[in-house]
Every structure is written in C-alpha cells, then in structure tokens.
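One file, input02.txt, carrying compact mmCIF, C-alpha atoms:
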# COMPACT_ATOMS: atom_id res chain seq x y z
CA MET Y 1 111.56 125.28 119.82
CA SER Y 2 112.51 126.79 123.19
CA GLU Y 3 110.70 125.70 126.35
CA SER Y 4 109.42 129.25 126.92
CA ALA Y 5 107.50 129.10 123.65
CA ARG Y 6 105.37 126.23 124.93
CA ILE Y 7 102.61 126.25 127.49
CA LYS Y 8 101.63 123.24 129.62
CA SER Y 9 98.64 122.25 131.70
CA PRO Y 10 99.82 121.20 135.20
CA THR Y 11 96.53 119.34 135.74
CA LEU Y 12 96.99 117.36 132.54
CA ILE Y 13 100.68 116.67 133.22
CA ARG Y 14 99.86 115.19 136.65
CA ALA Y 15 97.08 113.04 135.21
CA LEU Y 16 99.34 111.74 132.44
CA LYS Y 17 102.03 110.87 134.97
CA ASP Y 18 99.53 109.02 137.17
CA HIS Y 19 98.08 107.17 134.19
CA GLY Y 20 101.44 105.83 133.00
CA GLY Y 21 101.88 103.86 129.79
CA SER Y 22 103.45 104.88 126.49
CA ASN Y 23 102.32 107.71 124.24
CA ARG Y 24 101.22 105.18 121.62
CA GLU Y 25 99.04 103.22 124.05
CA LEU Y 26 97.43 106.37 125.41
CA ALA Y 27 96.83 107.72 121.89
CA GLU Y 28 94.94 104.54 120.99
CA GLU Y 29 92.97 104.55 124.26
CA ALA Y 30 92.01 108.23 124.03
CA ASN Y 31 91.51 108.02 120.25
CA ILE Y 32 93.71 111.00 119.41
CA SER Y 33 96.91 111.30 117.41
CA PHE Y 34 100.37 110.44 118.67
CA ARG Y 35 101.34 114.07 118.04
CA ALA Y 36 98.51 115.33 120.29
CA ILE Y 37 99.79 113.17 123.17
CA ALA Y 38 103.32 114.49 122.63
CA GLU Y 39 102.01 118.07 122.74
CA ALA Y 40 100.06 117.33 125.92
CA ARG Y 41 103.26 116.12 127.60
CA ASN Y 42 105.71 118.66 126.16
CA GLY Y 43 103.47 121.69 125.94
CA PHE Y 44 101.51 123.42 123.20
CA ASP Y 45 103.10 125.92 120.87
CA GLN Y 46 101.62 129.28 121.90
CA THR Y 47 101.89 130.72 118.40
CA GLU Y 48 100.27 127.74 116.67
CA ILE Y 49 97.21 127.53 118.92
CA GLN Y 50 96.40 131.17 118.26
CA GLY Y 51 95.31 130.17 114.74
CA ALA Y 52 91.62 129.27 114.55
CA ARG Y 53 92.05 125.89 112.84
CA LYS Y 54 94.88 124.72 115.07
CA ARG Y 55 93.12 125.99 118.20
CA LEU Y 56 89.94 124.04 117.43
CA GLY Y 57 91.97 120.94 116.61
CA ALA Y 58 93.72 121.28 119.98
CA VAL Y 59 90.37 121.78 121.73
CA SER Y 60 89.09 118.53 120.25
CA SER Y 61 92.20 116.55 121.27
CA ILE Y 62 92.40 118.07 124.75
CA THR Y 63 88.71 117.41 125.38
CA ARG Y 64 88.96 113.75 124.36
CA LEU Y 65 92.12 113.26 126.41
CA ALA Y 66 90.71 115.08 129.45
CA ILE Y 67 87.51 113.03 129.42
CA HIS Y 68 89.52 109.82 129.06
CA LEU Y 69 91.56 110.83 132.13
CA ASN Y 70 88.44 111.90 134.06
CA LEU Y 71 89.37 115.58 133.97
CA GLU Y 72 87.21 118.61 133.27
CA PRO Y 73 88.19 119.82 129.76
CA GLY Y 74 87.52 123.48 130.63
CA VAL Y 75 90.17 123.41 133.37
CA VAL Y 76 92.83 122.00 131.05
CA LEU Y 77 91.93 124.40 128.23
CA SER Y 78 92.19 127.42 130.54
CA GLU Y 79 95.63 126.31 131.69
CA VAL Y 80 96.94 126.25 128.10
CA GLY Y 81 95.52 129.66 127.29
CA ILE Y 82 92.30 128.68 125.48
CA ASP Y 83 89.11 130.36 126.68
CA PRO Y 84 86.49 127.61 127.22
CA SER Y 85 83.70 130.23 127.23
CA ASP Y 86 84.40 131.19 123.60
CA ALA Y 87 81.41 130.18 121.46
CA ALA Y 88 83.46 128.34 118.81
CA VAL Y 89 85.46 126.54 121.50
CA GLN Y 90 82.26 125.52 123.32
CA ARG Y 91 80.84 124.01 120.13
CA GLN Y 92 84.05 122.02 119.60
CA ILE Y 93 83.99 120.80 123.20
CA GLU Y 94 80.40 119.60 122.83
CA ARG Y 95 81.21 117.75 119.60
CA ALA Y 96 84.10 115.97 121.30
CA ARG Y 97 81.97 115.18 124.36
CA GLU Y 98 79.27 113.55 122.25
CA THR Y 99 81.64 110.79 121.14
CA SER Y 100 83.82 110.53 124.26
CA THR Y 101 83.35 108.62 127.49
CA PRO Y 102 85.90 107.76 130.20
CA LYS Y 103 85.47 103.99 129.99
CA THR Y 104 84.52 103.14 126.41
CA HIS Y 105 86.25 105.87 124.45
CA HIS Y 106 89.23 103.65 123.65
CA GLN Y 107 86.85 101.38 121.73
CA GLU Y 108 85.85 104.24 119.43
CA ASP Y 109 87.39 105.09 116.11
CA TYR Y 110 88.87 108.50 115.26
CA VAL Y 111 87.59 108.62 111.66
CA LEU Y 112 84.10 107.36 112.47
CA GLN Y 113 83.93 109.78 115.40
CA ALA Y 114 84.90 112.69 113.14
CA VAL Y 115 82.24 111.70 110.62
CA LYS Y 116 79.62 111.41 113.35
CA ALA Y 117 80.56 114.82 114.75
CA ARG Y 118 80.16 116.45 111.32
CA GLU Y 119 76.79 114.78 110.84
CA LEU Y 120 75.62 116.02 114.25
CA ALA Y 121 76.79 119.52 113.40
CA ASP Y 122 74.95 119.48 110.07
CA PRO Y 123 72.20 116.79 110.07
CA LYS Y 124 71.09 117.68 106.53
CA ARG Y 125 74.40 116.57 105.01
CA ARG Y 126 76.13 113.19 104.92
CA PRO Y 127 79.74 114.39 104.59
CA GLY Y 128 81.57 111.13 105.24
CA PRO Y 129 85.36 110.85 105.69
CA ILE Y 130 87.73 113.23 103.92
CA VAL Y 131 89.98 111.28 101.52
CA GLY Y 132 93.11 113.00 100.21
CA ILE Y 133 94.69 111.98 96.89
CA VAL Y 134 98.48 112.34 96.96
CA PRO Y 135 100.14 114.30 94.10
CA TRP Y 136 101.47 111.25 92.27
CA SER Y 137 101.64 111.62 88.47
CA PRO Y 138 99.66 108.42 87.63
CA PHE Y 139 96.86 109.80 89.87
CA SER Y 140 96.65 113.18 88.14
CA ASP Y 141 93.14 114.30 87.15
CA VAL Y 142 94.65 116.58 84.49
CA ASP Y 143 96.85 113.90 82.90
CA GLN Y 144 93.93 111.46 82.75
CA GLY Y 145 91.56 113.98 81.22
CA GLY Y 146 88.99 114.00 84.02
CA ALA Y 147 88.45 112.09 87.22
CA SER Y 148 91.61 110.09 87.88
CA VAL Y 149 91.69 106.39 88.69
CA ALA Y 150 92.57 107.31 92.28
CA ARG Y 151 89.52 109.54 92.59
CA LEU Y 152 87.25 106.86 91.11
CA LEU Y 153 88.69 104.14 93.38
CA ALA Y 154 88.24 106.37 96.43
CA ARG Y 155 84.63 107.05 95.44
CA SER Y 156 83.98 103.31 95.05
CA VAL Y 157 85.38 102.49 98.48
CA LEU Y 158 83.46 105.29 100.21
CA GLY Y 159 80.30 104.25 98.38
CA SER Y 160 80.81 100.68 99.54
CA LEU Y 161 80.93 101.86 103.17
CA ASN Y 162 77.97 104.22 102.90
CA PRO Y 163 76.21 105.08 99.59
CA GLU Y 164 74.89 108.30 101.16
CA TRP Y 165 78.31 109.79 101.94
CA ASP Y 166 79.30 112.85 99.93
CA ARG Y 167 81.95 111.68 97.46
CA GLU Y 168 82.20 114.86 95.42
CA VAL Y 169 83.35 117.29 98.10
CA ASN Y 170 85.18 114.88 100.40
CA VAL Y 171 87.65 113.43 97.87
CA VAL Y 172 90.33 116.13 97.67
CA SER Y 173 93.72 116.60 95.99
CA GLU Y 174 96.77 117.08 98.23
CA GLU Y 175 99.57 119.45 97.23
CA SER Y 176 102.59 117.47 98.49
CA PHE Y 177 103.42 114.07 99.96
CA GLY Y 178 105.02 115.47 103.12
CA ASP Y 179 102.23 117.91 103.90
CA ALA Y 180 99.60 115.27 103.13
CA GLU Y 181 100.98 112.88 105.75
CA LYS Y 182 101.26 115.67 108.33
CA ARG Y 183 97.67 116.66 107.63
CA LEU Y 184 96.56 113.03 108.02
CA LEU Y 185 98.02 112.96 111.54
CA SER Y 186 96.58 116.33 112.48
CA ASP Y 187 93.42 116.75 114.55
CA ASP Y 188 92.68 120.06 112.81
CA ALA Y 189 89.30 120.55 111.19
CA GLY Y 190 89.17 119.90 107.44
CA THR Y 191 92.25 117.69 107.24
CA PRO Y 192 92.07 114.27 105.52
CA GLU Y 193 91.20 111.18 107.56
CA CYS Y 194 92.53 108.88 104.84
CA LEU Y 195 95.11 109.23 102.05
CA LEU Y 196 95.18 107.26 98.80
CA GLY Y 197 98.59 106.71 97.20
CA LEU Y 198 101.05 106.31 100.06
CA TYR Y 199 103.51 103.42 99.91
CA ASP Y 200 103.15 100.53 102.34
CA LEU Y 201 106.57 100.48 104.03
CA PRO Y 202 107.68 99.13 107.46
CA TRP Y 203 108.96 102.51 108.70
CA ARG Y 204 105.52 104.01 108.07
CA ARG Y 205 103.75 101.21 109.94
CA ARG Y 206 106.11 101.77 112.85
CA GLY Y 207 104.78 105.29 113.06
CA ASP Y 208 101.18 106.38 113.29
CA VAL Y 209 99.99 105.24 109.85
CA GLU Y 210 98.91 101.90 108.39
CA VAL Y 211 98.29 101.29 104.70
CA VAL Y 212 95.54 99.12 103.25
CA ALA Y 213 97.18 98.12 99.97
CA LEU Y 214 95.32 97.96 96.66
CA PRO Y 215 95.57 94.27 95.68
CA GLY Y 216 97.79 93.51 92.73
CA LEU Y 217 99.22 97.00 92.20
CA TYR Y 218 102.89 97.77 92.81
CA VAL Y 219 105.20 100.64 91.92
CA ARG Y 220 108.79 100.18 90.83
CA VAL Y 221 111.42 102.41 92.42
CA GLY Y 222 113.21 104.35 89.69
CA GLY Y 223 116.90 105.06 89.27
CA ILE Y 224 118.96 107.07 86.77
CA CYS Y 225 122.69 107.69 86.84
CA THR Y 226 125.39 109.56 84.95
CA GLN Y 227 127.43 106.35 84.78
CA SER Y 228 126.52 102.73 84.12
CA ILE Y 229 125.41 100.95 87.29
CA SER Y 230 123.06 98.06 88.06
CA TRP Y 231 120.46 97.64 90.77
CA LYS Y 232 122.44 94.72 92.18
CA GLU Y 233 125.44 97.01 92.63
CA ILE Y 234 123.30 99.60 94.40
CA LEU Y 235 121.51 97.09 96.63
CA THR Y 236 124.56 95.05 97.61
CA GLY Y 237 127.22 97.76 97.78
CA TRP Y 238 129.86 95.40 96.40
CA ASN Y 239 131.09 98.12 94.05
CA GLN Y 240 133.31 100.28 96.26
CA THR Y 241 133.01 103.26 93.91
CA LEU Y 242 129.30 103.84 94.33
CA PRO Y 243 128.06 107.11 92.82
CA HIS Y 244 126.91 110.02 94.96
CA ALA Y 245 123.17 109.61 95.46
CA LEU Y 246 120.59 112.38 95.21
CA VAL Y 247 117.33 111.64 97.06
CA ILE Y 248 114.14 113.50 97.95
CA GLU Y 249 113.56 113.92 101.65
CA GLY Y 250 110.92 111.44 102.83
CA ASP Y 251 110.57 109.83 99.38
CA VAL Y 252 110.71 106.05 98.97
CA GLY Y 253 114.22 106.40 97.48
CA ASP Y 254 115.42 108.22 100.59
CA LYS Y 255 113.91 105.63 102.93
CA LEU Y 256 115.23 102.75 100.81
CA LEU Y 257 118.84 103.91 100.53
CA SER Y 258 119.07 105.20 104.09
CA GLY Y 259 117.27 102.15 105.47
CA PRO Y 260 117.54 98.53 104.29
CA VAL Y 261 120.12 99.24 101.56
CA ASP Y 262 122.40 100.93 104.12
CA TYR Y 263 123.89 103.13 101.41
CA PRO Y 264 126.99 104.97 102.70
CA ASP Y 265 125.77 108.20 104.26
CA ALA Y 266 128.85 110.03 103.02
CA ARG Y 267 127.72 109.31 99.46
CA ILE Y 268 124.20 110.70 99.92
CA ILE Y 269 124.27 114.31 98.70
CA LYS Y 270 123.31 116.91 101.29
CA PRO Y 271 121.01 118.68 101.62
CA ARG Y 272 118.33 116.30 100.43
CA LEU Y 273 115.85 117.58 97.87
CA LYS Y 274 112.58 118.92 99.22
CA THR Y 275 110.59 119.06 95.98
CA GLN Y 276 108.55 116.70 93.82
CA ASN Y 277 108.74 119.01 90.79
CA PRO Y 278 110.52 117.22 87.90
CA ARG Y 279 112.00 120.47 86.52
CA GLU Y 280 113.44 121.49 89.90
CA ILE Y 281 114.88 118.01 90.45
CA ALA Y 282 116.42 118.02 86.96
CA ASP Y 283 117.98 121.42 87.67
CA ARG Y 284 119.57 120.03 90.84
CA VAL Y 285 120.91 116.98 88.97
CA LYS Y 286 122.42 119.29 86.35
CA TYR Y 287 123.99 121.45 89.06
CA GLU Y 288 125.58 118.43 90.76
CA VAL Y 289 126.98 117.24 87.43
CA THR Y 290 128.21 120.51 85.96
CA HIS Y 291 129.14 122.64 88.99
CA ARG Y 292 130.00 120.35 91.88
CA LEU Y 293 131.53 117.76 89.54
CA GLN Y 294 130.67 114.86 91.85
CA PRO Y 295 133.31 112.13 91.55
CA ASP Y 296 132.04 108.69 90.54
CA GLY Y 297 128.86 110.16 89.02
CA VAL Y 298 125.42 111.21 90.26
CA LEU Y 299 122.61 108.75 91.00
CA LEU Y 300 118.95 109.72 91.48
CA VAL Y 301 116.72 107.17 93.24
CA ALA Y 302 113.05 108.00 93.82
CA ASP Y 303 109.47 107.09 92.99
CA GLY Y 304 109.54 105.39 89.57
CA PRO Y 305 107.07 107.58 87.65
CA LEU Y 306 108.73 110.70 89.04
CA VAL Y 307 112.20 109.54 87.96
CA SER Y 308 110.87 108.91 84.45
CA ASP Y 309 109.50 112.47 84.35
CA VAL Y 310 112.87 113.85 85.51
CA GLN Y 311 114.69 111.81 82.86
CA SER Y 312 112.45 113.33 80.18
CA VAL Y 313 113.33 116.84 81.37
CA LEU Y 314 117.06 116.04 81.48
CA ALA Y 315 116.91 114.81 77.88
CA GLY Y 316 116.52 118.44 76.81
CA MET Y 317 119.37 119.70 79.02
CA ASP Y 318 122.25 117.99 77.23
CA ILE Y 319 122.96 115.83 80.32
CA THR Y 320 124.07 112.27 79.60
CA ILE Y 321 122.14 110.04 81.97
CA CYS Y 322 120.80 106.51 81.73
CA GLU Y 323 118.49 104.19 83.62
CA VAL Y 324 119.93 101.88 86.25
CA THR Y 325 120.40 98.48 84.59
CA GLU Y 326 118.88 95.09 85.54
CA PRO Y 327 115.34 96.46 86.11
CA GLU Y 328 114.19 93.03 87.25
CA TRP Y 329 115.98 93.80 90.54
CA ALA Y 330 114.47 97.26 90.94
CA PRO Y 331 112.64 97.40 94.30
CA VAL Y 332 108.84 97.50 94.16
CA CYS Y 333 106.37 98.85 96.72
CA ARG Y 334 102.70 98.32 97.40
CA PHE Y 335 100.48 101.36 97.83
CA GLY Y 336 96.93 102.10 98.86
CA PHE Y 337 94.78 103.80 101.52
CA ALA Y 338 96.80 105.25 104.43
CA ILE Y 339 94.84 105.41 107.69
CA ARG Y 340 95.75 106.57 111.19
CA ILE Y 341 96.39 103.86 113.77
CA ASP Y 342 93.64 105.27 115.99
CA ALA Y 343 91.06 104.37 113.34
CA ARG Y 344 91.19 100.58 113.56
CA ARG Y 345 87.52 100.00 112.80
CA PHE Y 346 87.59 102.30 109.77
CA LYS Y 347 90.68 100.44 108.52
CA GLU Y 348 88.81 97.13 108.85
CA LEU Y 349 85.87 98.59 106.92
CA VAL Y 350 88.14 99.73 104.08
CA GLU Y 351 89.70 96.25 103.96
CA GLU Y 352 86.22 94.72 103.73
CA ALA Y 353 85.17 97.15 101.00
CA ILE Y 354 88.20 96.16 98.92
CA SER Y 355 87.90 92.41 99.46
CA GLN Y 356 84.13 92.13 99.11
CA ASP Y 357 83.33 94.81 96.55
CA LEU Y 358 86.44 95.79 94.55
CA LEU Y 359 87.56 92.15 94.22
CA GLY Y 360 84.05 90.74 94.43
CA ARG Y 361 80.74 92.35 93.60
CA VAL Y 362 82.09 95.08 91.29
CA PHE Y 363 85.12 93.21 89.96
CA PRO Y 364 84.62 94.30 86.31
CA ARG Y 365 84.74 97.96 87.42
CA THR Y 366 88.00 97.32 89.29
CA VAL Y 367 89.51 95.65 86.22
CA TYR Y 368 88.46 98.63 84.10
CA LEU Y 369 90.06 101.12 86.51
CA TYR Y 370 93.25 99.06 86.85
CA LEU Y 371 93.54 98.89 83.06
CA LYS Y 372 93.03 102.64 82.82
CA LEU Y 373 95.83 103.22 85.33
CA LEU Y 374 98.23 100.79 83.64
CA LYS Y 375 97.56 102.26 80.18
CA SER Y 376 98.02 105.86 81.37
CA ASN Y 377 101.36 104.98 82.96
CA ASN Y 378 103.59 105.28 79.89
CA THR Y 379 106.76 104.77 81.97
CA GLY Y 380 105.90 101.16 82.82
CA GLN Y 381 106.69 101.78 86.49
CA VAL Y 382 103.28 100.62 87.78
CA ARG Y 383 103.23 96.83 87.97
CA LEU Y 384 100.44 94.25 88.18
CA ASN Y 385 100.53 91.02 90.19
CA LEU Y 386 97.70 89.03 88.64
CA ALA Y 387 97.82 86.36 91.35
CA GLU Y 388 96.35 88.86 93.83
CA MET Y 389 93.19 89.17 91.73
CA ALA Y 390 91.95 85.84 93.11
CA SER Y 391 89.36 86.14 95.90
CA GLN Y 392 86.65 84.15 97.64
CA PHE Y 393 84.19 85.62 95.14
CA HIS Y 394 86.37 84.93 92.10
CA PRO Y 395 88.89 82.13 92.80
CA ASP Y 396 89.79 82.32 89.10
CA GLY Y 397 90.24 86.08 89.33
CA PRO Y 398 93.47 86.22 87.25
CA LEU Y 399 91.80 84.50 84.29
CA LYS Y 400 88.65 86.61 84.60
CA PHE Y 401 90.79 89.76 84.76
CA LEU Y 402 92.29 88.97 81.37
CA LYS Y 403 88.94 88.00 79.84
CA ILE Y 404 87.48 91.36 80.89
CA ALA Y 405 90.61 93.14 79.65
CA GLN Y 406 90.10 91.45 76.27
CA GLU Y 407 86.62 92.95 76.04
CA PHE Y 408 87.74 96.45 77.00
CA ASP Y 409 90.87 96.78 74.86
CA PRO Y 410 91.89 94.99 71.64
CA HIS Y 411 95.58 95.56 72.52
CA TRP Y 412 95.26 94.15 76.05
CA ARG Y 413 97.94 91.51 75.64
CA THR Y 414 100.60 93.91 74.40
CA PHE Y 415 100.43 96.50 77.16
CA LEU Y 416 99.70 94.02 79.97
CA SER Y 417 102.70 91.90 79.02
CA ASN Y 418 104.87 94.92 79.91
CA ALA Y 419 103.11 95.47 83.23
CA VAL Y 420 102.69 92.01 84.77
CA MET Y 421 105.17 90.80 87.37
CA ASP Y 422 104.91 87.10 86.48
CA LYS Y 423 105.33 86.98 82.70
CA PRO Y 424 105.25 83.14 82.28
CA ALA Y 425 102.01 82.84 84.26
CA PHE Y 426 100.52 85.70 82.25
CA ASP Y 427 101.50 84.06 78.95
CA ASP Y 428 99.88 80.78 79.99
CA LEU Y 429 96.58 82.48 80.85
CA ALA Y 430 96.69 84.69 77.75
CA ASP Y 431 97.26 81.63 75.54
CA LYS Y 432 94.17 79.99 77.05
CA ILE Y 433 92.06 83.02 76.28
CA CYS Y 434 93.40 83.54 72.78
CA GLY Y 435 93.06 79.84 72.05
CA SER Y 436 89.40 79.85 73.05
CA ALA Y 437 88.46 83.21 71.55
CA PRO Y 438 86.65 83.52 68.23
CA SER Y 439 89.09 84.00 65.38
CA GLY Y 440 88.06 87.62 64.94
CA ARG Y 441 89.26 88.45 68.47
CA ARG Y 442 92.57 86.66 68.54
As structure tokens, how would this structure be written, given the file I've shared?
Amino acid sequence: MSESARIKSPTLIRALKDHGGSNRELAEEANISFRAIAEARNGFDQTEIQGARKRLGAVSSITRLAIHLNLEPGVVLSEVGIDPSDAAVQRQIERARETSTPKTHHQEDYVLQAVKARELADPKRRPGPIVGIVPWSPFSDVDQGGASVARLLARSVLGSLNPEWDREVNVVSEESFGDAEKRLLSDDAGTPECLLGLYDLPWRRRGDVEVVALPGLYVRVGGICTQSISWKEILTGWNQTLPHALVIEGDVGDKLLSGPVDYPDARIIKPRLKTQNPREIADRVKYEVTHRLQPDGVLLVADGPLVSDVQSVLAGMDITICEVTEPEWAPVCRFGFAIRIDARRFKELVEEAISQDLLGRVFPRTVYLYLKLLKSNNTGQVRLNLAEMASQFHPDGPLKFLKIAQEFDPHWRTFLSNAVMDKPAFDDLADKICGSAPSGRR
C-alpha cells in the first residue's frame, strides 16, 4: 500500500510519540486491537474507512485511543477524514466514551466493553458476546444433523457466564479460518469477540490471540504422501530425499513444517494453497503428481480431519496415496476458545466457566458432548486425554467419564479405545468398570 493511500492524524501521531512504549503495551492499555494501534501510527487506508462498517470500527478505536491519550476524539477523527458531526459517527463516539476513561480504561476488557455498549444501545436485549464457530468438519452443524457439538459447547459457556445472554443469534458460523481470525482482531461492528475451534499454538500466542483450550481434547495433524514415509522421517529430516510438501497457508501443517520442524523451504511447494475445500485440495495434489511430476513424491500435511477428507476424494481420482506411517508420532494440538489479548477478564471468565461448570457442575453434559464429537469423527483424528477430566469437583473424573459413557453408549469401550491417548490407563479403568458392572452390561 503506497503512503499516499493512507491518511494520518498529526495530533494523534504526536501524542503517540510522547506516550512512548510498544504497540502491544499501548493496545492493552487503551483496550483496542494491535492492528488499530498500527493503523494509528502508519495511517488509515482511505478506501477502507469509506465503508460504513470499517468507518464505525475506526471511530470506536480512535475514540478509545484518543481518550486514553487525553485527546479530543473529534479532532483526531476530522484529521483522518471522518466527520464527527455525522449522526452515526456521533452515536459510535458516545458508545466508546461510556466505557472509556483516561486513567482506568486500561483496566477494562474489550469484549465486556463491547457487550456493555450493545446493551446500552438496546436495553431490551441481552446480546452477549459474539462467538464464531470455525469451519472445521467435526464442528459442522450439517454433518451432525443439527446443532453441532461446538455450538452446544459455546452455548454452555455463554450460559455459564450469563444465563440471560442471547445464545441463538450470537453463536455464528465462520466461512474460513483465515477470515475468522482477521474478524476476531477487527474492531468492526458485528465481528466475533471469541472463536471456538482455533488451535493453541505458540506462534498464535505471540500475536494478539490467546486460546483457552477445551480440556482433554486434541487434534492429530494429518499427513498423506505419494510415497512411503514416516512421521519420524518428516520431523527429524534424517531422510535427505524428503518429498515436496504441499501445505495450506496459515494451516497448522504450514506452521508446523515452516516452524519447529524446519522443513527445507525449497521442498515446500509454492504457492501455498489458500483453500480448505477438500475437492480443490485434491485437484491440486493431482496436478502436482500428474503435471509437475514432483521428484521424490508429494506430501500433504494439514489439519487431520481435513486430510482424511482429501484422501477420500483422491481415492476416486486414481491417485496412489497413503497415510504417513507411525501415527503414534503424528503431532497433536489442543484447541478451544480463541480470545483477543485485550480481553483478559473475559478470558479468565471463560476459564472459570470451563473449570467450574464444564468439568464440575454439568460434567455429565460435557461427557455427552465429548462422546458425540468423538463418535462423529470417523477419521479418528480427534483424540481424548482422559487424565485432563480430573478436577477439584471430580478428582476421579477419568473414571466417572467412562461410567457416564457406559450409560450413554453400549459400544463405549470400542470407539473410545481408538480415541484415547493413553491406552494402558484407559484399559485399566475400563476393566474396573466392566468388572463391577452387572453381567447384562458387560
């Protein structure tokens, strides 16, 4: 983007310079996104802020930042080409003012502020936070024949925080992973303040997002290749003839290979994929195999359930491809509720809702939803760590989990044995239950 396409506020630039500190520190103090601080320093895109949604999002961020820096928001807004006398702009300014003060604003929470602003704007409703569900196949409402496990878990957590919050309208489906994370970090009206389904990875924590993981649930990273290769070979690099790797931009496979695995960049196929559609990914794999004739084979590493879907599509394309061997070494990732770093109090509340309600007061419901997720995941990529089911409310949580599972599903032992991460510990607990159960339920 050229410099001429951006417009700056001289008043705001001087105040930022006098204030000092890093963008991250100021974002936390002013309770706005890291991106909003960057725009304040580098200038606002003139084309973007002409759109109504983006303009109002910018008004909210600028107002909070201006008040934090003891500036008059109207002056700053005028300098960046936004008319502070516009009725819609004035309403947005007032909403931001109501939850902003120069000295205590840094103690506020972005999500709780947004909720409070919506309630002030419409006192008859209790809208609550907007929770986005990422487009991950095990979280599909369609595939699960109704409300997905993700939607039901989100509703439980929101209900734990405030039973009056609207959980029908404010739990929404996102169209793509990349857009969902961008929307999470946006200050625009109507964007999600929390996302369910993002992986908990160090590179994400380093940015502007933290993830409150769902206890006990993990996802295996998937890999398929046109030649025989093991996960140990991929992870160690000892095999000097590593296949050419196909990854999806921003996906866990991309971050894994490019990051801690340190996979040779020359062997990562460019350009990276930009789709989560199994058919489109399969078409690209076929193209690399049949047209580009990649030496040493083609390897696809991505989200486990997605890789399984791609493999099913490839089966009908006459492409010989097999799973990466030694699945016990396949990387696994935690996942859960992704929350902006400027919403520390909301993050703490979500953590409390999970520890006190999901693992405590409504534990049978959590077991039921976990079982539903594990059963619907036919690929076996979603894993369960039973040890994490123990809590202060249920120190014997792992044993109770299996006892409840026994009541809900007569085939509990068969499908859970393929999902648990610690098979010996599972077998010991299962033997206790089966040994003590009435003969008709063994």
What lies within 7 Å of Y:Pro138 using only C-alpha atoms, ignoring chain neighbours under 3 positions off, as a list in words?
Leu373, Ser376 and Asn377 of chain Y
Problem set entry | Pick from Y:Asp200, Y:Asp309, Y:Glu351, Y:Asp303, whichever lies nearest to Y:Val247 using only C-alpha atoms |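 Looking at the shortest contact to Y:Val247, the residue is Y:Asp303.
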Residue among Y:Glu29, Y:Leu152, Y:Ala353, Y:Gln381 lying closest to Y:Arg365, counting all atoms listed in the file: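 Ranking Y:Glu29, Y:Leu152, Y:Ala353, Y:Gln381 by distance to Y:Arg365, first place goes to Y:Leu152.
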The residue from Y:Val285, Y:Ala154, Y:Ala87, Y:Leu242 with the smallest atom-to-atom distance to Y:Ile354, counting all atoms listed in the file, is Y:Ala154
* Selection near Y:Leu185, 7 Å with all atoms listed in the file, sequence-local residues under 3 positions removed, as a list in words -> Ser33, Glu181, Lys182 and Arg340 of chain Y
Based on the selection just made, write C-alpha atoms of those residues as a tab-separated table (two decimals), in the coordinates of the input.
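Written out: result_27.tsv:
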chain	number	residue	atom	x	y	z
Y	33	SER	CA	96.91	111.30	117.41
Y	181	GLU	CA	100.98	112.88	105.75
Y	182	LYS	CA	101.26	115.67	108.33
Y	340	ARG	CA	95.75	106.57	111.19
Using only C-alpha atoms, the residue out of Y:Asp357, Y:Asp283, Y:Glu108, Y:Asp422 with shortest distance to Y:Leu384 is Y:Asp422
Please write stretch 355-407 of chain Y of the preceding block to a file containing C-alpha atoms, as a compact mmCIF listing (two decimals), in the first residue's frame?
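File produced: part_14.txt:
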# COMPACT_ATOMS: atom_id res chain seq x y z
CA SER Y 355 -13.22 -25.45 35.10
CA GLN Y 356 -16.23 -24.91 37.37
CA ASP Y 357 -19.14 -25.83 35.11
CA LEU Y 358 -17.98 -27.96 32.15
CA LEU Y 359 -15.66 -30.04 34.36
CA GLY Y 360 -17.73 -29.56 37.51
CA ARG Y 361 -21.39 -28.78 37.89
CA VAL Y 362 -22.52 -30.01 34.45
CA PHE Y 363 -19.89 -32.71 33.96
CA PRO Y 364 -22.36 -35.32 32.58
CA ARG Y 365 -23.37 -32.86 29.83
CA THR Y 366 -19.71 -32.32 28.92
CA VAL Y 367 -19.13 -36.08 28.73
CA TYR Y 368 -22.17 -36.42 26.48
CA LEU Y 369 -20.94 -33.68 24.12
CA TYR Y 370 -17.39 -35.06 24.05
CA LEU Y 371 -18.73 -38.51 23.20
CA LYS Y 372 -20.87 -37.03 20.44
CA LEU Y 373 -17.82 -35.31 18.95
CA LEU Y 374 -15.61 -38.41 19.18
CA LYS Y 375 -18.28 -40.64 17.62
CA SER Y 376 -18.97 -38.23 14.75
CA ASN Y 377 -15.26 -38.05 13.93
CA ASN Y 378 -14.97 -41.17 11.77
CA THR Y 379 -11.34 -40.37 10.86
CA GLY Y 380 -10.09 -40.91 14.41
CA GLN Y 381 -8.13 -37.64 14.27
CA VAL Y 382 -9.76 -36.14 17.38
CA ARG Y 383 -8.07 -37.53 20.48
CA LEU Y 384 -9.04 -37.71 24.16
CA ASN Y 385 -6.70 -37.32 27.12
CA LEU Y 386 -8.74 -38.79 29.96
CA ALA Y 387 -6.31 -37.55 32.62
CA GLU Y 388 -7.47 -33.98 31.98
CA MET Y 389 -11.01 -34.89 33.05
CA ALA Y 390 -9.94 -34.75 36.71
CA SER Y 391 -10.90 -31.53 38.52
CA GLN Y 392 -11.41 -30.15 42.01
CA PHE Y 393 -15.09 -31.10 41.67
CA HIS Y 394 -14.38 -34.59 40.34
CA PRO Y 395 -10.88 -35.78 41.31
CA ASP Y 396 -11.87 -39.17 39.86
CA GLY Y 397 -13.04 -37.52 36.65
CA PRO Y 398 -11.46 -40.09 34.27
CA LEU Y 399 -13.31 -42.97 35.94
CA LYS Y 400 -16.58 -41.03 36.09
CA PHE Y 401 -16.20 -40.12 32.40
CA LEU Y 402 -16.14 -43.79 31.46
CA LYS Y 403 -19.03 -44.68 33.78
CA ILE Y 404 -21.18 -42.00 32.15
CA ALA Y 405 -20.03 -43.14 28.70
CA GLN Y 406 -21.17 -46.66 29.60
CA GLU Y 407 -24.67 -45.35 30.30
